[in-house]
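J.: One structure, pasted below without further comment.
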Amino acid sequence: MIAADHPVAPPQSDSPGDGEGKPPESPRRVFRRRFITATIIVLLIGIPAGYLLVSAGQSRRSGKDKEAEAAAVGLREGWPSKMQRRIFEIPIPGNGIGVQYYETNNWKASRMYAKFRTTSAGLDRFLSGIGTGRAALEPGKVNISSRDIAITGWYFSPNENWASVTHTNKKPRPTQTITVNMTDPASPVVYVVSAATP
């Protein structure tokens with residue numbers, strides 16, 4: 001067989017008008033397509049990553065606040081939360097000033113220490129809110145234990161006019177030990193230790 005018996009067809013080029021070929025993209029179109037793709041990628045990755053960073057920062061701050069409260073030793077200025085006041089049944093009157101508190105927890109008992117100054121009427125509201133009254137106050141007595149005094153740093157001068165009462169509740173409700181500085185009857189200072197045992 002000779003080469004002439006097998007004719008070789010010349011290669012055919014695509015004709016520009018047959019509709020199968022694509023014209024080359026302009027640089028402007030390429031840039032636009034790449035810009036849109038990059039923007040989508042940034043949004044898909046950047047938004048969740050930013051959200052995670054913000055959440056982590058908030059969680060870290062919240063954790064530090066709780067850690068600071070847990071690590072605090074001694075009384076803190078300010079009001080205990082409504083939940084703390086409800087759990088330990090310490091109804092500090094709304095006109096209370098100079099409010100301080102401290103909470104301790106262990107496997108034996110949880111305690112809330114609170115101190116505040118109020119009015120004569122505010123003292124009556126506080127005592128009735130706990131479930132006792134002014135008539136139950138024993139004059140000339142400080143009933144806060146030396147252990148609790150050491151924890152809080154409270155000082156009960158013998159030159160002041162003190163009165164005390166202990167209000168006992170059935171477990172698991174807390175028992176409140178209350179001492180009041182009655183030196184100025186119009187502006188008594190209340191010291192309370194509320195202890196809850198499981």
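The chains in the structure tokens are called A, B, ... from first to last as shown; in each chain the residues are counted from 1, and the ligands are counted from 1 in the order shown.
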Would you mind listing what lies within 8 Å of Ala196 (chain A) as a VMD selection string, with only C-alpha atoms counted and same-chain residues fewer than 6 positions away left out?
T.: chain A and resid 88 109 to 111 171 to 175
J.: DSSP on the backbone, then: every residue of region 5-175 of chain A marked helix (DSSP H, G or I), written as a ChimeraX atom specification.
T.: /A:5,27-71,82-87,120-130,134-136,146-152
J.: So how many Å separate CA of Val180 (chain A) and CA of Trp107 (chain A), to one decimal?
T.: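 Calculated distance between CA of Val180 (chain A) and CA of Trp107 (chain A) is 29.3 Å.
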J.: Neighbouring residues of Trp79 (chain A) were defined as those with any atom within 10 Å, considering only C-alpha atoms; residues of the same chain fewer than 4 positions away were excluded. Please report them as a list in words.
T.: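 Once the nearby chain positions are removed, what remains is Gln84, Arg85, Ile92, Gly96, Ile97, Gly98, Val99, Gln100, Tyr101, Tyr102, Ala114, Lys115 and Phe116 of chain A.
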J.: Of the residues A:Thr119, A:Ser194, A:Asn169, A:Ser128, which is the one nearest to Asp148 (chain A), using only C-alpha atoms?
T.: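 For Asp148 (chain A), the nearest of the candidates is A:Ser194.
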J.: DSSP on the backbone, then: every residue of region 26-105 of chain A marked strand (DSSP E), written as a ChimeraX atom specification.
T.: /A:76-77,97-105
J.: Select, from A:Ala121, A:Leu75, A:Leu53, A:Ile90, the residue with the minimum atom-to-atom distance to Val192 (chain A), counting only C-alpha atoms.
T.: A:Ile90
J.: What does the distance between CA of Ala136 (chain A) and CA of Asp124 (chain A) come to in Å, to one decimal place?
T.: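 Going from CA of Ala136 (chain A) over to CA of Asp124 (chain A), I get 11.3 Å.
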J.: What is the CA of Lys108 (chain A) to CA of Ala195 (chain A) distance in Å?
T.: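 Interatomic distance, CA of Lys108 (chain A) to CA of Ala195 (chain A): 10.2 Å.
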J.: So which one's closest to Val190 (chain A), A:Leu43, A:Ala49, A:Ile151, A:Leu123? Using only C-alpha atoms, please.
T.: A:Leu123
J.: Restricting the calculation to only C-alpha atoms, which member of A:Pro48, A:Pro23, A:Gly74, A:Gly131 is positioned closest to Ala150 (chain A)?
T.: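 Ranking A:Pro48, A:Pro23, A:Gly74, A:Gly131 by distance to Ala150 (chain A), first place goes to A:Gly74.
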J.: Fewer than 2 positions away in the same chain doesn't count, so skip those; otherwise give me all residues within 12 Å of Thr132 (chain A), counting only C-alpha atoms, as a PyMOL selection string.
T.: chain A and resi 123-130+134-137+164-169+175-178
J.: So that I can check the surroundings of Tyr155 (chain A), please list as a VMD selection string every protein, DNA and RNA residue that reaches within 12 Å of it, counting only C-alpha atoms and ignoring chain neighbours fewer than 6 positions away.
T.: chain A and resid 115 142 144 to 146 148 to 149 162 179 181 191
